[in-house]
Each structure stands twice: as structure tokens, then as C-alpha cells.
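So this one's data_4.txt, compact mmCIF, C-alpha atoms and all ligand atoms:
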```txt
# COMPACT_ATOMS: atom_id res chain seq x y z
CA MET O 1 127.59 98.93 93.54
CA THR O 2 124.30 97.08 93.86
CA LYS O 3 121.50 98.96 95.65
CA LYS O 4 118.80 97.23 97.62
CA ILE O 5 115.14 98.05 97.12
CA VAL O 6 112.67 96.51 99.55
CA THR O 7 109.25 96.06 97.96
CA LEU O 8 106.05 95.85 99.99
CA SER O 9 103.23 94.85 97.64
CA GLY O 10 100.63 94.66 100.40
CA ASP O 11 96.97 94.04 99.72
CA GLY O 12 94.21 94.48 97.15
CA ILE O 13 95.57 95.85 93.88
CA GLY O 14 99.00 96.19 95.54
CA PRO O 15 100.62 93.13 93.93
CA GLU O 16 99.23 93.99 90.45
CA ILE O 17 100.56 97.53 90.43
CA MET O 18 103.88 96.57 92.08
CA GLU O 19 104.45 94.14 89.22
CA ALA O 20 103.81 96.99 86.76
CA GLY O 21 106.23 99.30 88.57
CA LEU O 22 108.97 96.69 88.66
CA GLU O 23 108.50 95.85 84.97
CA VAL O 24 109.13 99.49 84.12
CA LEU O 25 112.21 99.56 86.37
CA SER O 26 113.57 96.42 84.77
CA ALA O 27 112.96 97.81 81.26
CA LEU O 28 115.27 100.68 82.20
CA THR O 29 118.16 98.48 83.37
CA GLU O 30 120.35 99.48 80.42
CA CYS O 31 120.20 103.20 81.20
CA LEU O 32 120.78 102.99 84.96
CA ASN O 33 124.17 103.59 86.57
CA GLU O 34 123.65 101.00 89.31
CA THR O 35 122.18 97.54 89.54
CA TYR O 36 119.26 96.97 91.85
CA ASP O 37 118.48 94.04 94.11
CA ILE O 38 114.75 93.65 94.72
CA GLU O 39 113.70 92.07 98.00
CA ALA O 40 109.96 91.48 98.56
CA HIS O 41 108.45 91.39 102.05
CA ASP O 42 105.03 90.95 103.64
CA PHE O 43 103.40 94.10 104.97
CA GLY O 44 99.85 95.10 105.86
CA GLY O 45 96.96 92.65 105.70
CA ILE O 46 98.99 89.89 104.09
CA ALA O 47 101.48 90.15 106.98
CA ILE O 48 98.64 89.92 109.50
CA ASP O 49 97.56 86.71 107.78
CA HIS O 50 101.09 85.27 107.81
CA PHE O 51 102.62 86.74 111.00
CA ASN O 52 99.72 88.13 113.02
CA THR O 53 101.17 91.63 112.75
CA PRO O 54 101.08 94.18 109.90
CA LEU O 55 104.78 94.98 110.33
CA PRO O 56 106.79 91.82 111.06
CA GLU O 57 110.28 92.30 112.46
CA SER O 58 111.79 90.70 109.36
CA THR O 59 110.07 93.32 107.18
CA LEU O 60 111.17 96.21 109.38
CA ASP O 61 114.76 94.95 109.52
CA ALA O 62 114.85 94.60 105.75
CA ALA O 63 113.40 98.11 105.27
CA LYS O 64 115.96 99.61 107.66
CA ASN O 65 118.78 98.01 105.71
CA ALA O 66 117.46 99.00 102.29
CA ASP O 67 118.51 101.91 100.08
CA ALA O 68 114.85 102.62 99.31
CA VAL O 69 111.44 101.17 100.14
CA LEU O 70 108.75 100.80 97.51
CA LEU O 71 105.22 100.32 98.84
CA ALA O 72 102.13 99.56 96.74
CA ALA O 73 99.02 99.63 98.96
CA ILE O 74 97.66 98.07 102.13
CA GLY O 75 94.24 97.48 103.67
CA HIS O 76 91.14 95.37 103.22
CA PRO O 77 87.59 95.69 104.58
CA LYS O 78 87.95 92.27 106.24
CA TYR O 79 90.14 93.91 108.91
CA ASN O 80 87.64 96.68 109.68
CA GLY O 81 87.00 96.67 113.41
CA ALA O 82 89.71 94.05 113.97
CA LYS O 83 92.17 94.43 116.83
CA VAL O 84 95.16 94.36 114.51
CA ARG O 85 94.74 96.48 111.38
CA PRO O 86 96.96 96.87 108.29
CA GLU O 87 97.07 100.69 108.62
CA GLN O 88 98.76 100.43 112.04
CA GLY O 89 101.70 98.93 110.18
CA LEU O 90 102.13 102.07 108.10
CA LEU O 91 102.20 104.37 111.15
CA GLN O 92 104.72 102.03 112.81
CA LEU O 93 106.87 101.86 109.69
CA ARG O 94 106.92 105.67 109.20
CA LYS O 95 107.84 106.13 112.83
CA ALA O 96 110.51 103.43 112.87
CA LEU O 97 112.12 104.87 109.73
CA GLY O 98 111.78 108.46 111.04
CA LEU O 99 109.97 109.62 107.91
CA TYR O 100 108.93 113.20 108.67
CA ALA O 101 108.35 114.72 105.23
CA ASN O 102 105.61 113.47 102.95
CA VAL O 103 105.89 114.78 99.39
CA ARG O 104 103.00 114.75 96.94
CA PRO O 105 103.59 116.34 93.56
CA LEU O 106 100.51 117.40 91.65
CA LYS O 107 100.84 117.63 87.94
CA ILE O 108 97.80 117.62 85.73
CA TYR O 109 98.31 116.00 82.36
CA GLU O 110 97.00 118.09 79.48
CA GLU O 111 95.27 114.97 78.13
CA LEU O 112 93.47 114.31 81.42
CA LYS O 113 92.26 117.85 82.00
CA ASN O 114 88.67 116.90 81.28
CA PHE O 115 88.64 114.57 84.27
CA ALA O 116 89.35 117.39 86.72
CA PRO O 117 86.34 118.58 88.72
CA ILE O 118 87.10 122.22 87.91
CA LYS O 119 87.72 123.96 84.58
CA ASN O 120 90.93 125.91 85.05
CA VAL O 121 93.60 123.28 85.64
CA SER O 122 95.98 124.12 82.79
CA GLU O 123 99.57 124.39 83.93
CA VAL O 124 98.89 123.33 87.49
CA ASP O 125 102.20 121.98 88.76
CA PHE O 126 102.91 122.06 92.48
CA VAL O 127 104.06 119.84 95.31
CA VAL O 128 102.59 119.56 98.79
CA ILE O 129 104.98 118.79 101.64
CA ARG O 130 103.21 117.52 104.73
CA GLU O 131 104.88 117.21 108.14
CA LEU O 132 104.34 113.60 109.11
CA THR O 133 105.54 112.89 112.62
CA GLY O 134 104.25 115.73 114.83
CA GLY O 135 101.10 117.67 115.58
CA ILE O 136 97.73 116.56 116.81
CA TYR O 137 98.13 112.97 115.58
CA PHE O 138 100.80 112.31 118.18
CA GLY O 139 99.60 114.50 121.06
CA ALA O 140 97.52 113.18 123.97
CA HIS O 141 93.87 112.41 123.18
CA GLU O 142 91.40 112.52 126.07
CA LEU O 143 87.79 111.54 125.67
CA GLU O 144 85.34 111.92 128.54
CA GLU O 145 81.57 111.67 128.65
CA THR O 146 80.88 115.39 128.19
CA LYS O 147 84.20 116.81 127.03
CA ALA O 148 87.20 115.87 124.93
CA ARG O 149 90.64 117.21 124.22
CA ASP O 150 93.43 116.70 121.68
CA ILE O 151 96.87 118.15 122.19
CA ASN O 152 98.66 119.76 119.25
CA ASP O 153 102.41 119.76 119.86
CA TYR O 154 105.21 121.10 117.69
CA SER O 155 108.82 121.80 118.62
CA ALA O 156 110.91 124.43 116.88
CA GLU O 157 113.26 121.63 115.79
CA GLU O 158 110.44 119.69 114.09
CA ILE O 159 109.26 122.79 112.25
CA LYS O 160 112.76 123.79 111.23
CA ARG O 161 113.60 120.46 109.59
CA ILE O 162 110.41 120.38 107.51
CA MET O 163 110.96 124.02 106.49
CA ILE O 164 114.49 123.28 105.38
CA PHE O 165 113.14 120.33 103.42
CA ALA O 166 110.57 122.61 101.73
CA PHE O 167 113.08 125.33 100.87
CA GLU O 168 115.54 122.77 99.49
CA THR O 169 112.72 121.35 97.35
CA ALA O 170 111.78 124.82 96.09
CA ARG O 171 115.38 125.63 95.27
CA LYS O 172 115.48 122.73 92.81
CA ARG O 173 112.31 123.90 91.03
CA SER O 174 112.09 126.67 88.45
CA ARG O 175 109.71 129.02 90.28
CA LYS O 176 111.45 128.73 93.69
CA HIS O 177 108.36 129.72 95.64
CA VAL O 178 107.24 128.39 99.04
CA THR O 179 103.74 128.81 100.45
CA SER O 180 103.77 128.07 104.17
CA VAL O 181 100.29 127.20 105.42
CA ASP O 182 99.16 127.74 109.02
CA LYS O 183 96.38 129.15 111.19
CA GLN O 184 98.44 131.73 113.02
CA ASN O 185 95.48 133.98 113.84
CA VAL O 186 94.26 131.22 116.21
CA LEU O 187 96.89 128.59 117.02
CA ALA O 188 100.06 128.91 119.10
CA THR O 189 101.70 126.10 117.11
CA SER O 190 101.01 128.14 113.97
CA LYS O 191 102.63 131.26 115.44
CA LEU O 192 105.77 129.23 116.06
CA TRP O 193 105.41 127.68 112.60
CA ARG O 194 105.35 131.11 110.95
CA LYS O 195 108.27 132.44 113.01
CA ILE O 196 110.49 129.49 112.07
CA ALA O 197 109.44 129.74 108.42
CA ASP O 198 110.61 133.38 108.38
CA GLU O 199 113.90 132.42 110.06
CA VAL O 200 114.66 129.57 107.66
CA ALA O 201 113.76 131.83 104.71
CA GLN O 202 116.75 134.05 105.63
CA ASP O 203 119.07 131.27 104.50
CA TYR O 204 117.34 131.01 101.10
CA PRO O 205 117.47 134.44 99.46
CA ASP O 206 116.83 132.78 96.08
CA VAL O 207 113.47 131.38 97.25
CA THR O 208 110.38 133.51 97.90
CA LEU O 209 108.24 132.73 100.94
CA GLU O 210 104.56 133.49 101.24
CA HIS O 211 102.27 132.71 104.20
CA GLN O 212 98.68 131.56 103.77
CA LEU O 213 96.05 130.72 106.33
CA VAL O 214 94.80 127.18 105.84
CA ASP O 215 91.22 128.25 105.08
CA SER O 216 92.41 130.65 102.42
CA CYS O 217 94.74 128.00 100.98
CA ALA O 218 91.85 125.52 100.75
CA MET O 219 89.93 128.04 98.66
CA LEU O 220 92.88 129.02 96.47
CA LEU O 221 93.57 125.37 95.59
CA ILE O 222 90.25 125.43 93.71
CA THR O 223 90.10 129.05 92.51
CA ASN O 224 93.76 129.59 91.60
CA PRO O 225 95.78 126.33 91.79
CA GLN O 226 98.33 127.74 89.32
CA LYS O 227 99.68 130.10 91.97
CA PHE O 228 101.33 127.30 93.97
CA ASP O 229 104.81 125.86 93.58
CA VAL O 230 105.78 124.30 96.94
CA ILE O 231 103.22 124.15 99.75
CA VAL O 232 104.50 123.22 103.21
CA THR O 233 102.19 122.54 106.12
CA GLU O 234 101.70 120.69 109.39
CA ASN O 235 100.35 117.18 109.78
CA LEU O 236 96.58 117.72 110.07
CA PHE O 237 96.33 120.56 107.54
CA GLY O 238 98.49 118.48 105.20
CA ASP O 239 96.17 115.50 105.49
CA ILE O 240 93.21 117.60 104.42
CA LEU O 241 94.93 119.73 101.78
CA THR O 242 96.65 116.78 100.06
CA ASP O 243 93.30 115.03 99.59
CA GLU O 244 91.80 118.23 98.25
CA ALA O 245 94.75 118.79 95.94
CA SER O 246 94.73 115.23 94.64
CA SER O 247 91.10 115.56 93.58
CA LEU O 248 92.26 118.12 91.00
CA ALA O 249 94.00 115.36 89.06
CA GLY O 250 90.70 113.68 88.23
CA THR O 251 91.79 110.24 89.44
CA LEU O 252 93.72 109.04 92.46
CA GLY O 253 95.27 106.44 90.20
CA VAL O 254 98.01 108.64 88.72
CA MET O 255 99.47 110.23 91.84
CA PRO O 256 102.83 109.22 93.37
CA SER O 257 104.39 110.23 96.69
CA SER O 258 107.58 109.98 98.67
CA SER O 259 108.34 110.14 102.39
CA HIS O 260 111.73 111.23 103.69
CA GLY O 261 113.58 111.18 107.00
CA GLU O 262 116.89 112.14 108.54
CA SER O 263 118.66 108.87 107.70
CA GLY O 264 118.37 109.42 103.95
CA LEU O 265 116.23 106.30 103.55
CA ALA O 266 112.96 107.12 101.78
CA LEU O 267 109.69 105.34 101.05
CA TYR O 268 107.78 105.65 97.79
CA GLU O 269 104.12 104.82 97.23
CA PRO O 270 101.12 105.82 95.14
CA ILE O 271 98.70 107.95 97.16
CA HIS O 272 95.68 105.74 96.55
CA GLY O 273 94.60 102.83 98.75
CA SER O 274 94.36 99.13 98.01
CA ALA O 275 91.10 99.52 96.02
CA PRO O 276 89.65 96.17 97.14
CA ASP O 277 86.61 96.77 94.90
CA ILE O 278 88.71 96.24 91.76
CA ALA O 279 91.46 93.94 93.09
CA GLY O 280 92.33 90.87 91.06
CA GLN O 281 90.62 92.11 87.90
CA GLY O 282 93.74 93.47 86.17
CA ILE O 283 92.15 96.88 85.61
CA ALA O 284 93.91 99.03 88.23
CA ASN O 285 95.68 102.14 86.99
CA PRO O 286 99.42 101.47 87.55
CA VAL O 287 100.56 105.04 86.83
CA GLY O 288 100.69 106.21 90.47
CA MET O 289 102.97 103.24 91.20
CA ILE O 290 105.07 103.72 88.06
CA LEU O 291 105.56 107.43 88.83
CA SER O 292 106.53 106.45 92.39
CA VAL O 293 109.32 104.37 90.83
CA ALA O 294 110.35 107.50 88.89
CA MET O 295 110.39 109.53 92.13
CA MET O 296 112.53 106.83 93.74
CA LEU O 297 115.04 106.92 90.89
CA ARG O 298 115.31 110.70 91.09
CA GLU O 299 115.23 111.26 94.85
CA SER O 300 117.04 108.22 96.23
CA PHE O 301 119.33 107.22 93.39
CA ASN O 302 120.13 110.42 91.53
CA GLU O 303 118.86 108.90 88.28
CA SER O 304 117.06 112.01 87.01
CA ALA O 305 117.38 111.08 83.35
CA ALA O 306 115.73 107.71 83.89
CA ALA O 307 112.99 109.30 86.00
CA GLN O 308 112.32 111.81 83.24
CA LYS O 309 112.13 108.97 80.70
CA ILE O 310 109.36 107.36 82.74
CA GLU O 311 107.45 110.62 83.15
CA ASP O 312 107.69 111.41 79.44
CA ALA O 313 106.58 107.88 78.52
CA VAL O 314 103.53 108.19 80.78
CA GLU O 315 102.62 111.49 79.17
CA LYS O 316 103.01 110.02 75.65
CA THR O 317 100.88 107.04 76.60
CA PHE O 318 98.06 109.32 77.71
CA ARG O 319 98.49 111.40 74.56
CA ASP O 320 98.12 108.25 72.49
CA GLY O 321 94.74 107.66 74.10
CA TYR O 322 95.40 104.78 76.50
CA ARG O 323 92.91 104.91 79.41
CA THR O 324 92.31 102.53 82.29
CA LYS O 325 88.82 102.10 83.71
CA ASP O 326 89.14 104.90 86.31
CA LEU O 327 89.61 107.23 83.31
CA GLY O 328 86.67 105.83 81.42
CA GLY O 329 88.69 103.45 79.21
CA THR O 330 89.21 99.71 78.80
CA THR O 331 93.03 99.46 78.84
CA THR O 332 94.18 96.83 81.33
CA THR O 333 96.94 97.29 83.91
CA GLN O 334 99.27 95.09 81.85
CA ALA O 335 98.45 96.72 78.50
CA LEU O 336 99.02 100.21 79.93
CA THR O 337 102.32 99.09 81.45
CA LYS O 338 103.44 97.63 78.12
CA ALA O 339 102.41 100.84 76.31
CA ILE O 340 104.49 102.90 78.76
CA ILE O 341 107.49 100.57 78.40
CA ALA O 342 107.24 100.81 74.60
CA ARG O 343 107.54 104.61 74.90
CA LEU O 344 110.47 104.76 77.35
P1 LIG W 401 92.72 104.21 101.94
O1 LIG W 401 91.90 104.38 103.15
O2 LIG W 401 93.64 103.03 101.98
O3 LIG W 401 93.38 105.48 101.48
P2 LIG W 401 90.51 104.71 100.29
O4 LIG W 401 89.29 104.43 101.08
O5 LIG W 401 90.95 106.13 100.14
O6 LIG W 401 91.70 103.83 100.80
P3 LIG W 401 91.15 103.65 97.72
O7 LIG W 401 91.57 102.25 97.94
O8 LIG W 401 92.19 104.63 97.41
O9 LIG W 401 90.23 104.08 98.91
O10 LIG W 401 90.05 103.65 96.58
C1 LIG W 401 89.11 104.71 96.40
C2 LIG W 401 88.44 104.49 95.03
O11 LIG W 401 89.37 104.76 94.00
C3 LIG W 401 87.97 103.05 94.81
O12 LIG W 401 86.75 103.02 94.11
C4 LIG W 401 89.08 102.46 94.00
O13 LIG W 401 88.64 101.41 93.16
C5 LIG W 401 89.59 103.63 93.20
N1 LIG W 401 91.02 103.49 92.95
C6 LIG W 401 92.02 103.68 93.84
N2 LIG W 401 93.21 103.44 93.28
C7 LIG W 401 92.98 103.10 92.00
C8 LIG W 401 93.82 102.73 90.90
N3 LIG W 401 95.15 102.67 91.00
N4 LIG W 401 93.22 102.43 89.73
C9 LIG W 401 91.90 102.50 89.61
N5 LIG W 401 91.05 102.82 90.58
C10 LIG W 401 91.58 103.12 91.78
MG MG W 402 92.27 107.36 101.30
```

Kindly transcribe the structure held in the file into C-alpha cells.
Ligand code: ATP
Ligand code: MG
Amino acid sequence: MTKKIVTLSGDGIGPEIMEAGLEVLSALTECLNETYDIEAHDFGGIAIDHFNTPLPESTLDAAKNADAVLLAAIGHPKYNGAKVRPEQGLLQLRKALGLYANVRPLKIYEELKNFAPIKNVSEVDFVVIRELTGGIYFGAHELEETKARDINDYSAEEIKRIMIFAFETARKRSRKHVTSVDKQNVLATSKLWRKIADEVAQDYPDVTLEHQLVDSCAMLLITNPQKFDVIVTENLFGDILTDEASSLAGTLGVMPSSSHGESGLALYEPIHGSAPDIAGQGIANPVGMILSVAMMLRESFNESAAAQKIEDAVEKTFRDGYRTKDLGGTTTTQALTKAIIARL
């Protein structure tokens, strides 16, 4: 049966890296169990230019009817301060698709260790799961002249579903360890968070659960990143910790992500932005996008072998010395993509 992938290339380097990701997918055609229909749609700044909105109805309808959504990057400085901004489209899309779990794996390639800002990054291999639809982002915000207030809301149901997601993720990994991150010595939402984590843990005797306060976790990510396997945390803490964690990799350019919801439909995208400063030059690092394709094959289409092929090829390509500009080299986006394809 043919599966439908909706692609949203977006802005800046988006189209260049999407092309790279799709080339890798197409090079794998022979080893995939299904055939894939690719349907491209406008999203972000390009959609504002064409439709006056970052998320046109036609794009949303297509995404809702897809088997997976592949997003490259959106945003451009020309929309700064504008009434309609590309980033609003992403919040609308996540909400409309009910994507509540954002997954960011962090693996540091042996060959790229020297680019990490700290020395001890050998064998760092963890995944951060950030709750995406609750918390302070979606509570009431009140700003007065001399005081302000933001409401942090979480329901037991919202916490439970992200916890189950985290424990299911841990169960599929070799170490089967969950670190639940909160601030339960201060916040009521964190007390509930911790209680639900303990309850859900009862159903996963094969997985170990550890609690960490967010401040302590922030420190441990730098002093002992090897200790983590699966980190699960609420929206705001996740925003901060995922940026901190991604800095360990040395470049934003190699990091993929996925976002999941109840419907089973998921969205895959590199974690970096549209990098307008290097757009159109053919020098963007396509690896974050290419590894997002690998995540899509594994998580949405059960094509683990093909995903592994991509990941191994990326590793070999780094081992053979290929480096884009963000890693101090001169390899172009296209040349790196070809090198990866040659090693599939
Ligand atoms: P956003 O707000 O959309 O997350 P940002 O402000 O975090 O964007 P990015 O667009 O991610 O910024 O870019 C940050 C820096 O990293 C820029 O200098 C950019 O050129 C560089 N960069 C980001 N992605 C890549 C990539 N794939 N290859 C090379 N350099 C990149
Ligand atoms: Mg950013």
C-alpha cells in the first residue's frame, strides 16, 4: 500500500535540506516494504507570501490526511515584528495535529567529539522527551504596569500520556531508564508530575525511574551526560533542557526530532532553524534532516532496518572525513548527501 508523506520545505535552507532528505529516501526505495507518495505544500514564510497565512487550509488538510509529515525549517528575519509570523504556523500545526510529545535524541558521533564544548562526551546517548501542549505556554498571561502573571496548568491526564510515552520509549532502549525532571520542591504542577510518574512506573517493572530537580538536571547534563537514557519533562523545562542538551553535539546541524500525538500521525524535523545567514549557498548541513527521515522510517513506518542503514551511512561519512562548513569543512550540502547515499 502506498503511504503519503507531506513535505513542508519552508524557508531559508529548508528547500536545500529537504531535497537532500528526499534524495536519501529515494535511494532506499529498493529496501523499503512500502512505496511512498511525496506531496509538497507551502508552510511558514513562503505560505505567508503565497496565502497570507503561515498555515494555509490546504496545507493543514494535506497534513491531517498524511501518514507522516516531514518539515525542514521555517522563519526569516523579514517577518520579524510582522503581524503574521511563520512561527505561528508551527504552533497552530502542532495544536491541530495534537502533537504532545517532542522527541530529541542526542547521540554524539565519535568523530565529532572535538566539536563538543565539554571534554567528556564519549558514549553520550540519550533522548529528551518534552511535553508540548500544556504548561505555562498555554496558560493565561497577564501583564500589568507593575505586576505580571503566567499560569502553569497541567492535568493528570496530560502528564499520564507523556509519561506512558516516555516509559514506552525507554522499554525499547537497552538501558531502560527514565529520568523524570520537575521542580517538586516548589511547584504544585511538579508535585502532580512526580505522583503520576510514580504511578505510571508501576506498570513498567522492567524500566527504572529516577526523579531529578530541573536545576540539578541542568548541571548533570554538563558534568555527567552519560548517566541519562530517557529524560521526560514538562514544556518549559523541556524547551530549556533540549537547547542545553543539543549544544553537546557541537553543531545544531546534525540533530533530528519527532513529534507525536494520539492519532498516530507524527511530524519529523531537524531541530535547527532556517539559517537565513547561509541560505541559498548550498553549504547547509543536511544531516539533521536526513536523520529526521531515518526517524520517520523507524517511528511511523516500522522500517527499522532502513533507518539503521541511514544512521550507519552518516556515521561512516563522518569517519571518512566529510565536513560541512558548520563543522569547519568545505563539503557542500549536495556532496555530503551523495557521500551518505554512496555508503547506504
Ligand atoms: P529558530 O529560531 O528558527 O530556532 P535560530 O535563531 O535558533 O532559529 P538557526 O536558524 O537554527 O537559528 O541558526 C543558528 C545558527 O546555526 C546560524 O548561524 C545558522 O547558520 C547555523 N545553522 C543552523 N542550522 C544549520 C545547518 N543545518 N547547517 C549549518 N549551519 C546551520
Ligand atoms: Mg532556535

Measuring atom to atom with all atoms listed in the file, identify which of O:Gly45, O:Gly10, O:Gly134, O:Gly75 is nearest to Phe237 in chain O. O:Gly134

Residue contacts of Arg194 in chain O (8 Å, only C-alpha atoms) excluding same-chain residues fewer than 6 positions away, as a ChimeraX atom specification: /O:180,182,184,211

Long-range neighbours of range 112-117 of chain O as a PyMOL selection string, 6 Å cut-off, all atoms listed in the file, 5 positions minimum in chain: chain O and resi 248-250

Env of range 76-83 of chain O: 10 Å cut, atoms = all atoms listed in the file, seq-sep filter 4 positions within chain, self excluded. Answer as a ChimeraX atom specification. /O:10-12,44-46,48,87,273-277

Using all atoms listed in the file, which residues have at least one atom no more than 10 Å from ligand LIG 401 (chain W)? Output them as number ranges by chain. O: 11-14, 16-17, 72-77, 86-87, 243, 251-255, 270-279, 282-289, 324-327, 333

d(CA of Ile118 in chain O, CA of Asn102 in chain O) in Å: 25.4 Å

So how many Å separate CA of Phe318 in chain O and CA of Ile290 in chain O, to one decimal? 13.7 Å

Leu28 in chain O proximity check over O:Ile164, O:Ala294, O:Glu299, O:Val314, using only C-alpha atoms: winner is O:Ala294

Quick one: distance from CA of Ala197 in chain O to CA of Gly139 in chain O in Å, one decimal?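 Taking CA of Ala197 in chain O and CA of Gly139 in chain O, their separation equals 22.1 Å.
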
Between O:Ser257, O:Tyr322, O:Asp239, O:Val293, smallest distance to ligand MG 402 (chain W) by all atoms listed in the file belongs to O:Asp239

Write out as a PDB file with C-alpha atoms, keeping the file's coordinate frame each polymer residue whose atoms come within 12 Å of Lys195 in chain O, counting only C-alpha atoms; drop sequence neighbours fewer than 4 positions from it.
```
ATOM      1  CA  ALA O 156     110.910 124.430 116.880  1.00  0.00           C
ATOM      2  CA  ILE O 159     109.260 122.790 112.250  1.00  0.00           C
ATOM      3  CA  LYS O 160     112.760 123.790 111.230  1.00  0.00           C
ATOM      4  CA  MET O 163     110.960 124.020 106.490  1.00  0.00           C
ATOM      5  CA  SER O 180     103.770 128.070 104.170  1.00  0.00           C
ATOM      6  CA  ASP O 182      99.160 127.740 109.020  1.00  0.00           C
ATOM      7  CA  GLN O 184      98.440 131.730 113.020  1.00  0.00           C
ATOM      8  CA  ALA O 188     100.060 128.910 119.100  1.00  0.00           C
ATOM      9  CA  THR O 189     101.700 126.100 117.110  1.00  0.00           C
ATOM     10  CA  SER O 190     101.010 128.140 113.970  1.00  0.00           C
ATOM     11  CA  LYS O 191     102.630 131.260 115.440  1.00  0.00           C
ATOM     12  CA  GLU O 199     113.900 132.420 110.060  1.00  0.00           C
ATOM     13  CA  VAL O 200     114.660 129.570 107.660  1.00  0.00           C
ATOM     14  CA  ALA O 201     113.760 131.830 104.710  1.00  0.00           C
ATOM     15  CA  GLN O 202     116.750 134.050 105.630  1.00  0.00           C
ATOM     16  CA  HIS O 211     102.270 132.710 104.200  1.00  0.00           C
TER      17      HIS O 211
END
```
